[in-house]
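protein09.csv, holding CSV, C-alpha atoms:
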chain,number,residue,atom,x,y,z
A,1,MET,CA,-6.1,-49.5,-13.7
A,2,LEU,CA,-9.3,-49.2,-15.7
A,3,ALA,CA,-7.7,-46.5,-17.9
A,4,ARG,CA,-4.9,-49.0,-18.7
A,5,TRP,CA,-7.4,-51.7,-19.7
A,6,LEU,CA,-9.3,-49.2,-21.9
A,7,LEU,CA,-6.1,-48.1,-23.5
A,8,LEU,CA,-5.1,-51.7,-24.1
A,9,ALA,CA,-8.5,-52.5,-25.6
A,10,VAL,CA,-8.4,-49.6,-27.9
A,11,CYS,CA,-4.8,-50.4,-29.1
A,12,VAL,CA,-5.4,-54.1,-29.7
A,13,ALA,CA,-9.0,-53.9,-31.0
A,14,PRO,CA,-9.7,-54.1,-34.7
A,15,ALA,CA,-9.9,-50.7,-36.5
A,16,ALA,CA,-12.8,-48.6,-35.3
A,17,HIS,CA,-15.8,-48.5,-37.5
A,18,ALA,CA,-17.4,-45.4,-35.9
A,19,GLN,CA,-16.4,-41.9,-35.2
A,20,ILE,CA,-15.9,-41.0,-31.6
A,21,TYR,CA,-16.3,-37.5,-30.3
A,22,ALA,CA,-15.2,-36.3,-26.8
A,23,GLY,CA,-15.8,-33.3,-24.6
A,24,ARG,CA,-16.6,-32.3,-21.1
A,25,ASP,CA,-20.0,-31.6,-19.6
A,26,ALA,CA,-20.9,-28.7,-17.2
A,27,ASN,CA,-19.5,-30.8,-14.3
A,28,GLY,CA,-16.2,-31.4,-16.0
A,29,SER,CA,-17.0,-35.1,-16.6
A,30,VAL,CA,-15.6,-36.6,-19.8
A,31,VAL,CA,-18.3,-37.3,-22.4
A,32,LEU,CA,-17.8,-39.8,-25.3
A,33,SER,CA,-20.3,-40.1,-28.1
A,34,ASN,CA,-20.6,-41.6,-31.6
A,35,PHE,CA,-22.0,-38.3,-32.9
A,36,ARG,CA,-21.0,-34.6,-32.5
A,37,SER,CA,-23.0,-32.6,-30.0
A,38,ALA,CA,-22.6,-29.4,-28.0
A,39,VAL,CA,-21.0,-31.3,-25.2
A,40,ALA,CA,-18.9,-33.8,-27.3
A,41,ASP,CA,-17.6,-31.7,-30.1
A,42,GLU,CA,-14.0,-32.8,-30.5
A,43,LEU,CA,-13.3,-35.6,-33.0
A,44,MET,CA,-11.1,-38.1,-31.2
A,45,ILE,CA,-11.3,-41.1,-33.6
A,46,ALA,CA,-12.2,-40.8,-37.2
A,47,ALA,CA,-13.6,-43.8,-39.0
A,48,PRO,CA,-12.2,-44.5,-42.4
A,49,VAL,CA,-14.6,-43.2,-45.0
A,50,GLU,CA,-15.5,-46.7,-46.3
A,51,ALA,CA,-16.2,-47.8,-42.7
A,52,GLN,CA,-18.5,-45.0,-41.7
A,53,VAL,CA,-22.0,-46.1,-41.2
A,54,VAL,CA,-24.6,-43.8,-42.7
A,55,PRO,CA,-28.2,-44.6,-42.8
A,56,PRO,CA,-29.4,-45.3,-46.3
A,57,VAL,CA,-30.9,-42.3,-48.0
A,58,PRO,CA,-33.8,-43.0,-50.2
A,59,GLU,CA,-33.7,-41.5,-53.7
A,60,THR,CA,-34.1,-37.7,-53.2
A,61,VAL,CA,-37.4,-36.4,-54.1
A,62,THR,CA,-37.1,-33.2,-56.0
A,63,ASP,CA,-39.9,-30.9,-56.5
A,64,ASP,CA,-39.0,-27.7,-58.3
A,65,ARG,CA,-42.2,-26.0,-57.1
A,66,PHE,CA,-40.6,-25.6,-53.6
A,67,VAL,CA,-37.0,-24.7,-54.4
A,68,ALA,CA,-37.6,-20.9,-54.4
A,69,LEU,CA,-39.8,-21.1,-51.3
A,70,ILE,CA,-37.2,-23.1,-49.4
A,71,ARG,CA,-34.5,-20.6,-50.4
A,72,LYS,CA,-36.6,-17.6,-49.3
A,73,VAL,CA,-37.7,-19.1,-46.0
A,74,ALA,CA,-34.1,-20.3,-45.3
A,75,LEU,CA,-32.8,-16.7,-45.9
A,76,ASP,CA,-35.6,-15.2,-43.8
A,77,THR,CA,-35.0,-17.6,-40.8
A,78,SER,CA,-31.1,-17.7,-41.1
A,79,LEU,CA,-31.3,-21.5,-41.7
A,80,SER,CA,-29.6,-23.6,-44.3
A,81,PRO,CA,-31.8,-24.4,-47.3
A,82,HIS,CA,-30.2,-27.9,-47.1
A,83,LEU,CA,-31.5,-28.3,-43.6
A,84,LEU,CA,-35.1,-27.3,-44.6
A,85,ARG,CA,-35.0,-29.5,-47.7
A,86,ALA,CA,-33.8,-32.5,-45.5
A,87,VAL,CA,-36.5,-32.0,-42.9
A,88,ILE,CA,-39.2,-31.7,-45.6
A,89,ALA,CA,-37.9,-34.8,-47.4
A,90,VAL,CA,-38.0,-36.8,-44.2
A,91,GLU,CA,-41.2,-35.4,-42.9
A,92,SER,CA,-43.5,-35.4,-45.9
A,93,GLY,CA,-41.5,-36.5,-49.0
A,94,PHE,CA,-42.4,-33.1,-50.4
A,95,ASP,CA,-46.2,-33.9,-50.3
A,96,ALA,CA,-47.9,-30.6,-49.4
A,97,ARG,CA,-51.1,-32.5,-48.6
A,98,ALA,CA,-49.4,-35.1,-46.3
A,99,VAL,CA,-51.2,-36.1,-43.1
A,100,SER,CA,-49.5,-38.3,-40.6
A,101,HIS,CA,-51.2,-40.9,-38.4
A,102,LYS,CA,-50.6,-38.6,-35.4
A,103,GLY,CA,-52.3,-35.6,-37.2
A,104,ALA,CA,-49.2,-33.7,-38.4
A,105,LEU,CA,-49.9,-31.7,-41.5
A,106,GLY,CA,-48.3,-30.5,-44.7
A,107,LEU,CA,-44.7,-30.3,-46.0
A,108,MET,CA,-43.1,-29.8,-42.6
A,109,GLN,CA,-45.7,-32.0,-40.8
A,110,LEU,CA,-46.9,-29.4,-38.3
A,111,MET,CA,-48.9,-30.6,-35.4
A,112,PRO,CA,-52.1,-28.5,-35.1
A,113,GLN,CA,-50.9,-26.9,-31.9
A,114,THR,CA,-47.6,-25.8,-33.5
A,115,ALA,CA,-49.5,-24.5,-36.6
A,116,GLN,CA,-51.7,-22.4,-34.3
A,117,ARG,CA,-48.7,-21.2,-32.2
A,118,PHE,CA,-47.1,-19.8,-35.4
A,119,GLY,CA,-50.3,-18.3,-36.8
A,120,VAL,CA,-50.9,-20.8,-39.6
A,121,ARG,CA,-54.4,-20.6,-41.0
A,122,ASP,CA,-54.0,-23.3,-43.7
A,123,PRO,CA,-51.4,-25.9,-42.8
A,124,PHE,CA,-51.6,-27.3,-46.4
A,125,ASP,CA,-50.4,-23.9,-47.8
A,126,PRO,CA,-46.7,-24.5,-48.6
A,127,VAL,CA,-45.8,-20.9,-47.8
A,128,GLN,CA,-47.5,-20.9,-44.4
A,129,ASN,CA,-46.3,-24.4,-43.5
A,130,VAL,CA,-42.7,-24.0,-44.4
A,131,THR,CA,-42.5,-20.6,-42.8
A,132,ALA,CA,-43.9,-21.9,-39.6
A,133,GLY,CA,-41.9,-25.1,-39.6
A,134,ALA,CA,-38.6,-23.2,-40.2
A,135,THR,CA,-39.5,-20.6,-37.6
A,136,TYR,CA,-40.1,-23.4,-35.1
A,137,LEU,CA,-36.9,-25.2,-36.1
A,138,LYS,CA,-34.9,-22.0,-35.7
A,139,ALA,CA,-36.5,-21.4,-32.2
A,140,LEU,CA,-35.5,-25.0,-31.3
A,141,LEU,CA,-31.9,-24.4,-32.4
A,142,ASP,CA,-31.8,-21.3,-30.3
A,143,ARG,CA,-33.3,-23.0,-27.3
A,144,PHE,CA,-30.9,-25.9,-27.5
A,145,HIS,CA,-27.8,-23.6,-28.1
A,146,GLY,CA,-27.3,-24.7,-31.7
A,147,ASP,CA,-27.3,-28.4,-31.0
A,148,LEU,CA,-28.8,-29.7,-34.2
A,149,HIS,CA,-29.3,-33.2,-32.8
A,150,LEU,CA,-31.4,-31.9,-30.0
A,151,ALA,CA,-33.3,-29.4,-32.1
A,152,LEU,CA,-34.3,-32.2,-34.6
A,153,ALA,CA,-35.2,-34.5,-31.8
A,154,ALA,CA,-37.4,-31.7,-30.3
A,155,TYR,CA,-39.0,-31.1,-33.7
A,156,ASN,CA,-39.9,-34.7,-33.9
A,157,ALA,CA,-40.8,-35.5,-30.3
A,158,GLY,CA,-41.4,-32.1,-28.7
A,159,GLU,CA,-39.3,-29.8,-26.6
A,160,ALA,CA,-40.6,-31.3,-23.4
A,161,ALA,CA,-39.5,-34.8,-24.4
A,162,VAL,CA,-35.9,-33.6,-24.9
A,163,ILE,CA,-35.9,-31.8,-21.6
A,164,ARG,CA,-37.4,-34.8,-19.8
A,165,ALA,CA,-34.6,-36.9,-21.3
A,166,GLY,CA,-32.0,-34.7,-19.7
A,167,TYR,CA,-31.3,-32.7,-22.8
A,168,ARG,CA,-30.6,-35.8,-24.8
A,169,ILE,CA,-32.4,-37.5,-27.7
A,170,PRO,CA,-35.4,-39.1,-26.1
A,171,PRO,CA,-35.6,-42.9,-26.0
A,172,PHE,CA,-38.3,-43.1,-28.7
A,173,ALA,CA,-37.5,-45.4,-31.6
A,174,GLU,CA,-39.1,-43.0,-34.0
A,175,THR,CA,-37.1,-40.0,-32.8
A,176,ARG,CA,-33.8,-42.0,-32.7
A,177,ALA,CA,-34.4,-43.0,-36.3
A,178,TYR,CA,-35.6,-39.5,-37.4
A,179,VAL,CA,-32.5,-37.6,-36.4
A,180,PRO,CA,-30.0,-39.6,-38.4
A,181,ARG,CA,-32.4,-39.8,-41.4
A,182,VAL,CA,-32.4,-36.0,-41.5
A,183,LEU,CA,-28.7,-35.7,-40.9
A,184,ALA,CA,-27.9,-38.2,-43.6
A,185,ARG,CA,-29.5,-35.9,-46.2
A,186,LEU,CA,-27.2,-32.9,-45.3
A,187,PRO,CA,-24.0,-32.1,-47.1
A,188,ARG,CA,-21.1,-32.5,-44.6
A,189,ALA,CA,-20.2,-28.8,-44.6
A,190,THR,CA,-23.7,-27.4,-44.0
A,191,VAL,CA,-23.9,-24.4,-41.8
A,192,TYR,CA,-27.2,-24.1,-39.8
Spell out the structure here as structure tokens.
Amino acid sequence: MLARWLLLAVCVAPAAHAQIYAGRDANGSVVLSNFRSAVADELMIAAPVEAQVVPPVPETVTDDRFVALIRKVALDTSLSPHLLRAVIAVESGFDARAVSHKGALGLMQLMPQTAQRFGVRDPFDPVQNVTAGATYLKALLDRFHGDLHLALAAYNAGEAAVIRAGYRIPPFAETRAYVPRVLARLPRATVY
């Protein structure tokens, strides 16, 4: 009976203004989501292009000093240079001397523990910072089986927070805003 009501609601409702993805979790339960993930990876309802809601992207900061570095590190870590550029833009706005109110440092806003974990001696050195940040991001993508949403959430909130949230984006306002801000800066066909 519920299925009939849902079908009726979908059929008579105004046109959808969001994309809907579907899939099944490890238990075989149906999962519906408004974003693609490892579990919900099949596009079921595509919103018209003009109706898709994309967070506003501030004017892109371009800093030619870092283009070659980003390309090299992306190649070395098997990541997309678009992804690295998006993370750097959101994290620091390409300010190699950036320091957050929580103590994150440099272009990729490494926390001191993360910098130490990846052997960074000078977190304000762009080469060390971007290399460590990209290596960490690649490790997160591997840990979360290629799920970019979870890897970005873990980059922002920490791996433990994603795990505690049941392998979902943690319920922190900052993290829930961070993931779409990075994704909005990526070309649609980016391969990570």
Which residues are near range 148-165 of chain A? Cut-off 9 Å, only C-alpha atoms, ignore same chain within fewer than 3 positions. Put them as a ChimeraX atom specification. /A:35-38,87,133,136-145,168-172,174-176,178-180,182-183,192
I'd like the interatomic distance between CA of Gly119 in chain A and CA of Ala134 in chain A, to a tenth of an Å.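 We find that CA of Gly119 in chain A and CA of Ala134 in chain A lie 13.1 Å from each other.
If you look at CA of Leu84 in chain A and CA of Leu186 in chain A, they are 9.7 Å away from each other.
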Residue nearest Arg181 in chain A among A:Ala115, A:Leu110, A:Ala86, A:Ala132 (counting all atoms listed in the file):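 Nearest to Arg181 in chain A: A:Ala86.
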Atom pair CA of Val130 in chain A / CA of Ile70 in chain A: separation (Å):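 Separating CA of Val130 in chain A from CA of Ile70 in chain A is a distance of 7.5 Å.
With all atoms listed in the file as the basis for measurement, A:Pro126 is the residue among A:Arg121, A:Gly166, A:Pro126, A:Gly103 that approaches Ile88 in chain A most closely.
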Using all atoms listed in the file, which of the listed residues (A:Ala177, A:Arg185, A:Lys72, A:Gln109) sits closest to Arg85 in chain A?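 Answer, going by the shortest atom-to-atom distance: A:Arg185.
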What lies within 10 Å of Asp125 in chain A using only C-alpha atoms, ignoring chain neighbours under 3 positions off, as a PDB file with C-alpha atoms, in the coordinates of the input?
ATOM      1  CA  ALA A  96     -47.900 -30.600 -49.400  1.00  0.00           C
ATOM      2  CA  ARG A  97     -51.100 -32.500 -48.600  1.00  0.00           C
ATOM      3  CA  GLY A 106     -48.300 -30.500 -44.700  1.00  0.00           C
ATOM      4  CA  LEU A 107     -44.700 -30.300 -46.000  1.00  0.00           C
ATOM      5  CA  VAL A 120     -50.900 -20.800 -39.600  1.00  0.00           C
ATOM      6  CA  ARG A 121     -54.400 -20.600 -41.000  1.00  0.00           C
ATOM      7  CA  ASP A 122     -54.000 -23.300 -43.700  1.00  0.00           C
ATOM      8  CA  GLN A 128     -47.500 -20.900 -44.400  1.00  0.00           C
ATOM      9  CA  ASN A 129     -46.300 -24.400 -43.500  1.00  0.00           C
ATOM     10  CA  VAL A 130     -42.700 -24.000 -44.400  1.00  0.00           C
ATOM     11  CA  THR A 131     -42.500 -20.600 -42.800  1.00  0.00           C
TER      12      THR A 131
END
Have a look at A:Leu105, A:Thr77, A:Gly28, A:Ala184 and name the one nearest to Phe124 in chain A; count only C-alpha atoms.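 The closest residue to Phe124 in chain A is A:Leu105.
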